[in-house]
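Below is one structure, written out as structure tokens, with a few remarks after it.
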Amino acid sequence: MSHEFYMQRCFQLASFGEGLVAPNPLVGAVLVHKGEIVSEGFHHQFGGPHAEVAALQNMHDTELLKKSVLYVNLEPCSHFGKTPPCTDLIIEKQIGLVVISNQDPFPQVNGSGIQKLKAAGIEVITGILDQEGKFLNRRFFNFHKVRKPWIILKWAQTNDGFIAPLPENKHERVALISNSESRTLVHHWRSQESAILIGMNTLVSDNPFLNSRMVNGKNPVKIVLGNHRQLPADLNIFQDKNTPVLIYNFSVTEKNENAEWIKLEKNDQVLENLLHDLYNRGLNSLIVEGGTITLSSFINTGLWNEARVFTASHKSGSGIKAPDLPHGKEIRNQVIDTDRLTCLINPENYN
Ligand code: AOF
Ligand code: ZN
């Protein structure tokens, strides 16, 4: 079997940590002896053991360990973080060859893990499925490169391009545009991201929960952006006391048991400043779910990385127009029952 084969398995194992390890990367590791995978591990949760440690500790035959090759999709760490350096354990276990996909961009590692292994006489091969590894950990790489969360825009539109009914027709509740399978998928996505954002208008008109209740997964931090208003305490976003609510506005900074209000200056840097604050809070991904004004403000400033758009089969004839996405490279196009899902990536923010 090739290096690529075992690296694919590392990616698969790494992905089991989706939604659980942020802002850490997704990392999987396998130990291979004479072509056979003899041990596996992955990073399960933020603050928990790293993938290599899990794979190495799952293997109790020390003689077999010494003769095995370690595959791991990210450069082993060389720093004391929440856990001791993985490089030390690899050296201690006398592994002879380590095969890596990506170098770790985290400033405290950034090549020093590879150096440390080589200095100990261990052979290191890097760059196996480099692009695939970077895509898997796009939130992590982007976070360290541009110091902003990875931004995913999501909306559902009718076949004639409307995202919601006009406010005066609100009672029609055409708000449910996509089908239940698509909506379940959205809840899965929410469980994979650190935060979810909507505009103040959407909060007030839809009273959404913004949680992942249709799947078994964690809830993202809830974020609202817009002019300050007195909000009723019984709004759905305030009901789950375990999930923080951040309300970015232009008037007040305050905190109560329901939420934190954060004042932003009203200028052309509003989104930049908001994203910078999310960076400081360690939130490395954000799903933006509307409405059109909010989504368009991200599109118009070029502050987006992915767009995921559901187009239903029915028309509505009137309503609030869906955002206009001028460019984007299609990375997924599939039918989900009665809906079509199109996913795009912003090539200007991804290489
Ligand atoms: C690895 N293997 O499985 C992961 C690594 O706070 P800590 O100790 O968990 O360290 C987090 C940093 O360690 C993270 O920013 C990244 O650089 C690296 N993650 N490294 O060798 C792993 N998850
Ligand atoms: Zn480590």
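Naming scheme: A, B, ... for chains in displayed order of the structure tokens; residues 1 onward per chain; ligands 1 onward as shown.
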**Request:** Pick out each residue of range 83-135 of chain A that DSSP on the backbone tags as alpha helix (DSSP H); I need them as a list in words.
**Result:** Cys86, Thr87, Asp88, Leu89, Ile90, Ile91, Glu92, Ser112, Gly113, Ile114, Gln115, Lys116, Leu117, Lys118, Ala119, Asp130, Gln131, Glu132, Gly133, Lys134 and Phe135 of chain A
Could you build a table of the residues in chain A lying no more than 6 Å from ligand 1, giving for each the nearest pair of atoms and their separation in Å rounded to one decimal place, using only C-alpha atoms and all ligand atoms, ordered by chain and ascending residue number, as CSV?
```
residue,atom,partner,partner_atom_place_in_ligand_line,distance
A:Asn24,CA,ligand 1,14 (C),4.9
A:Pro25,CA,ligand 1,23 (N),5.3
A:Val27,CA,ligand 1,3 (O),4.6
A:His43,CA,ligand 1,3 (O),4.7
A:Gly47,CA,ligand 1,9 (O),4.7
A:His50,CA,ligand 1,3 (O),3.4
A:Ala51,CA,ligand 1,3 (O),3.8
A:Glu52,CA,ligand 1,2 (N),6.0
A:Glu75,CA,ligand 1,21 (O),5.8
A:Pro76,CA,ligand 1,21 (O),3.4
A:Cys77,CA,ligand 1,21 (O),3.9
A:Gly81,CA,ligand 1,8 (O),3.5
A:Lys82,CA,ligand 1,8 (O),3.5
A:Thr83,CA,ligand 1,8 (O),4.1
A:Cys86,CA,ligand 1,21 (O),5.5
A:Asp104,CA,ligand 1,17 (O),5.8
A:Phe106,CA,ligand 1,17 (O),4.6
```
**Message:** At a cut-off of 7 Å, using only C-alpha atoms, what residues contact range 59-74 of chain A? Leave out same-chain residues fewer than 2 positions from it and give the result as number ranges by chain.
**Reply:** A: 6-7, 10-11, 27-33, 39, 52, 55-57, 76, 93-104, 133
Restricted to N, CA, C and O atoms, what would the selected residues look like written as a short mmCIF file (atom, residue, chain, number, x, y, z; two decimals), in the first residue's frame?
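Okay, out_21.cif is ready:
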```
data_model
loop_
_atom_site.label_atom_id
_atom_site.label_comp_id
_atom_site.auth_asym_id
_atom_site.auth_seq_id
_atom_site.Cartn_x
_atom_site.Cartn_y
_atom_site.Cartn_z
N TYR A 6 -2.45 5.17 3.56
CA TYR A 6 -2.48 5.28 5.04
C TYR A 6 -2.84 6.71 5.48
O TYR A 6 -3.47 6.90 6.51
N MET A 7 -2.43 7.68 4.63
CA MET A 7 -2.77 9.07 4.98
C MET A 7 -4.28 9.28 4.87
O MET A 7 -4.88 9.99 5.69
N CYS A 10 -5.71 8.32 7.98
CA CYS A 10 -5.50 9.36 9.00
C CYS A 10 -6.58 10.43 8.87
O CYS A 10 -7.15 10.88 9.87
N PHE A 11 -6.89 10.83 7.64
CA PHE A 11 -7.91 11.87 7.42
C PHE A 11 -9.28 11.40 7.94
O PHE A 11 -10.01 12.14 8.58
N VAL A 27 -6.91 15.75 13.67
CA VAL A 27 -5.69 14.95 13.46
C VAL A 27 -5.97 13.47 13.72
O VAL A 27 -6.60 13.11 14.72
N GLY A 28 -5.49 12.65 12.77
CA GLY A 28 -5.57 11.20 12.91
C GLY A 28 -4.19 10.60 12.72
O GLY A 28 -3.34 11.20 12.05
N ALA A 29 -3.94 9.44 13.32
CA ALA A 29 -2.62 8.80 13.19
C ALA A 29 -2.79 7.29 13.08
O ALA A 29 -3.70 6.72 13.69
N VAL A 30 -1.94 6.66 12.28
CA VAL A 30 -1.93 5.19 12.23
C VAL A 30 -0.49 4.69 12.31
O VAL A 30 0.44 5.34 11.86
N LEU A 31 -0.35 3.52 12.92
CA LEU A 31 0.95 2.84 12.97
C LEU A 31 0.87 1.67 12.01
O LEU A 31 -0.10 0.90 12.05
N VAL A 32 1.89 1.56 11.15
CA VAL A 32 1.88 0.51 10.13
C VAL A 32 3.11 -0.37 10.28
O VAL A 32 4.24 0.14 10.37
N HIS A 33 2.86 -1.67 10.32
CA HIS A 33 3.98 -2.63 10.40
C HIS A 33 3.84 -3.63 9.26
O HIS A 33 2.80 -4.30 9.14
N SER A 39 -2.19 -0.08 14.75
CA SER A 39 -2.78 0.77 15.79
C SER A 39 -3.27 2.07 15.16
O SER A 39 -2.73 2.51 14.14
N GLU A 52 -1.31 11.17 17.81
CA GLU A 52 -0.14 10.28 17.85
C GLU A 52 -0.07 9.55 19.19
O GLU A 52 0.25 8.37 19.26
N ALA A 55 -2.53 6.75 19.22
CA ALA A 55 -2.08 5.61 18.40
C ALA A 55 -0.93 4.87 19.08
O ALA A 55 -0.90 3.63 19.11
N LEU A 56 0.01 5.62 19.65
CA LEU A 56 1.17 4.98 20.29
C LEU A 56 0.75 4.25 21.57
O LEU A 56 1.25 3.16 21.86
N GLN A 57 -0.17 4.84 22.31
CA GLN A 57 -0.55 4.20 23.57
C GLN A 57 -1.51 3.02 23.37
O GLN A 57 -1.68 2.20 24.28
N PRO A 76 3.84 16.46 14.14
CA PRO A 76 3.73 16.26 15.59
C PRO A 76 4.20 17.50 16.35
O PRO A 76 5.17 18.15 15.95
N LYS A 93 9.64 6.21 22.00
CA LYS A 93 9.19 4.90 21.50
C LYS A 93 10.06 4.38 20.37
O LYS A 93 9.79 3.31 19.81
N GLN A 94 11.06 5.17 19.97
CA GLN A 94 12.04 4.77 18.95
C GLN A 94 11.42 4.42 17.59
O GLN A 94 11.79 3.44 16.95
N ILE A 95 10.45 5.26 17.18
CA ILE A 95 9.88 5.10 15.84
C ILE A 95 10.96 5.52 14.83
O ILE A 95 11.65 6.52 15.04
N GLY A 96 11.09 4.77 13.72
CA GLY A 96 12.16 5.07 12.76
C GLY A 96 11.73 6.01 11.64
O GLY A 96 12.55 6.73 11.08
N LEU A 97 10.45 5.96 11.28
CA LEU A 97 9.98 6.76 10.14
C LEU A 97 8.62 7.39 10.46
O LEU A 97 7.70 6.69 10.92
N VAL A 98 8.52 8.70 10.26
CA VAL A 98 7.25 9.41 10.46
C VAL A 98 6.83 10.03 9.14
O VAL A 98 7.63 10.73 8.50
N VAL A 99 5.60 9.77 8.71
CA VAL A 99 5.09 10.30 7.44
C VAL A 99 3.95 11.28 7.73
O VAL A 99 3.01 10.95 8.45
N ILE A 100 4.11 12.50 7.21
CA ILE A 100 3.22 13.61 7.56
C ILE A 100 2.56 14.18 6.30
O ILE A 100 3.16 14.17 5.22
N SER A 101 1.36 14.73 6.45
CA SER A 101 0.75 15.47 5.35
C SER A 101 1.16 16.94 5.43
O SER A 101 1.83 17.45 4.55
N ASN A 102 0.74 17.64 6.51
CA ASN A 102 0.98 19.10 6.58
C ASN A 102 1.87 19.51 7.74
O ASN A 102 1.76 18.96 8.83
N GLN A 103 2.65 20.55 7.48
CA GLN A 103 3.38 21.21 8.57
C GLN A 103 2.36 21.99 9.40
O GLN A 103 1.39 22.54 8.88
N ASP A 104 2.58 22.04 10.72
CA ASP A 104 1.66 22.75 11.63
C ASP A 104 1.95 24.26 11.62
O ASP A 104 3.05 24.68 11.97
N GLY A 133 -5.11 17.47 2.95
CA GLY A 133 -4.92 17.73 4.38
C GLY A 133 -5.27 19.17 4.71
O GLY A 133 -5.91 19.46 5.73
#
```
**Request:** Would you list the contacts of Val186 in chain A as an MDAnalysis selection string, taking every protein, DNA or RNA residue within 9 Å and counting only C-alpha atoms, but skipping same-chain residues closer than 6 positions in sequence?
**Result:** chainID A and resid 154 212 214
**Prompt:** range 189-192 of chain A: which residues within 12 Å, counting only C-alpha atoms, same-chain residues fewer than 4 positions away excluded, as JSON, numbers by chain?
**Reply:** {"A": [15, 16, 17, 18, 19, 20, 21, 22, 23, 26, 139, 150, 152, 153, 154, 182, 183, 184, 185, 196, 197, 209, 210, 211, 212, 213, 214, 215, 216, 217, 218, 219, 220, 221, 222, 283, 284, 285, 286, 287, 288, 289, 308]}
Let's have the selection written as a PDB file, in the first residue's frame, with C-alpha atoms.
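Produced file result-v2.pdb, reproduced below:
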```
ATOM      1  CA  SER A  15     -12.715  13.670  10.823  1.00  0.00           C
ATOM      2  CA  PHE A  16     -14.236  11.833  13.805  1.00  0.00           C
ATOM      3  CA  GLY A  17     -13.151  14.893  15.809  1.00  0.00           C
ATOM      4  CA  GLU A  18     -15.285  17.293  13.697  1.00  0.00           C
ATOM      5  CA  GLY A  19     -17.149  19.747  15.887  1.00  0.00           C
ATOM      6  CA  LEU A  20     -15.315  18.573  19.017  1.00  0.00           C
ATOM      7  CA  VAL A  21     -11.707  19.754  18.786  1.00  0.00           C
ATOM      8  CA  ALA A  22     -11.942  23.380  17.575  1.00  0.00           C
ATOM      9  CA  PRO A  23      -9.963  25.586  17.581  1.00  0.00           C
ATOM     10  CA  LEU A  26      -8.456  17.533  13.108  1.00  0.00           C
ATOM     11  CA  ARG A 139     -10.658  26.274   9.443  1.00  0.00           C
ATOM     12  CA  TRP A 150     -13.556  30.402   8.430  1.00  0.00           C
ATOM     13  CA  ILE A 152     -19.596  29.737   5.686  1.00  0.00           C
ATOM     14  CA  LEU A 153     -22.630  31.484   4.195  1.00  0.00           C
ATOM     15  CA  LYS A 154     -25.773  29.397   4.132  1.00  0.00           C
ATOM     16  CA  SER A 182     -31.835  19.563   4.013  1.00  0.00           C
ATOM     17  CA  ARG A 183     -32.722  21.146   7.350  1.00  0.00           C
ATOM     18  CA  THR A 184     -31.293  18.150   9.214  1.00  0.00           C
ATOM     19  CA  LEU A 185     -28.085  18.519   7.214  1.00  0.00           C
ATOM     20  CA  ILE A 196     -23.543  30.846  14.069  1.00  0.00           C
ATOM     21  CA  LEU A 197     -24.501  34.416  13.083  1.00  0.00           C
ATOM     22  CA  PHE A 209     -33.256  28.721  18.216  1.00  0.00           C
ATOM     23  CA  LEU A 210     -29.958  28.609  16.262  1.00  0.00           C
ATOM     24  CA  ASN A 211     -29.083  25.236  17.782  1.00  0.00           C
ATOM     25  CA  SER A 212     -28.355  21.730  16.474  1.00  0.00           C
ATOM     26  CA  ARG A 213     -31.501  20.090  17.888  1.00  0.00           C
ATOM     27  CA  MET A 214     -32.177  17.847  14.864  1.00  0.00           C
ATOM     28  CA  VAL A 215     -28.880  15.978  15.326  1.00  0.00           C
ATOM     29  CA  ASN A 216     -26.810  14.659  18.170  1.00  0.00           C
ATOM     30  CA  GLY A 217     -24.056  17.254  18.376  1.00  0.00           C
ATOM     31  CA  LYS A 218     -22.871  20.365  20.127  1.00  0.00           C
ATOM     32  CA  ASN A 219     -24.472  23.795  19.711  1.00  0.00           C
ATOM     33  CA  PRO A 220     -22.488  26.671  18.201  1.00  0.00           C
ATOM     34  CA  VAL A 221     -22.054  29.991  20.030  1.00  0.00           C
ATOM     35  CA  LYS A 222     -24.986  32.196  18.923  1.00  0.00           C
ATOM     36  CA  LEU A 283     -13.837  30.841  17.560  1.00  0.00           C
ATOM     37  CA  ASN A 284     -12.330  29.474  14.354  1.00  0.00           C
ATOM     38  CA  SER A 285     -15.431  29.015  12.208  1.00  0.00           C
ATOM     39  CA  LEU A 286     -18.689  30.844  11.655  1.00  0.00           C
ATOM     40  CA  ILE A 287     -21.830  29.861   9.771  1.00  0.00           C
ATOM     41  CA  VAL A 288     -23.867  32.876   8.631  1.00  0.00           C
ATOM     42  CA  GLU A 289     -27.525  32.038   8.144  1.00  0.00           C
ATOM     43  CA  ARG A 308     -23.878  26.518   0.776  1.00  0.00           C
TER      44      ARG A 308
END
```
**Message:** Neighbouring residues of Arg332 in chain A were defined as those with any atom within 10 Å, considering only C-alpha atoms; residues of the same chain fewer than 4 positions away were excluded. Please report them as number ranges by chain.
**Reply:** A: 308, 341-345
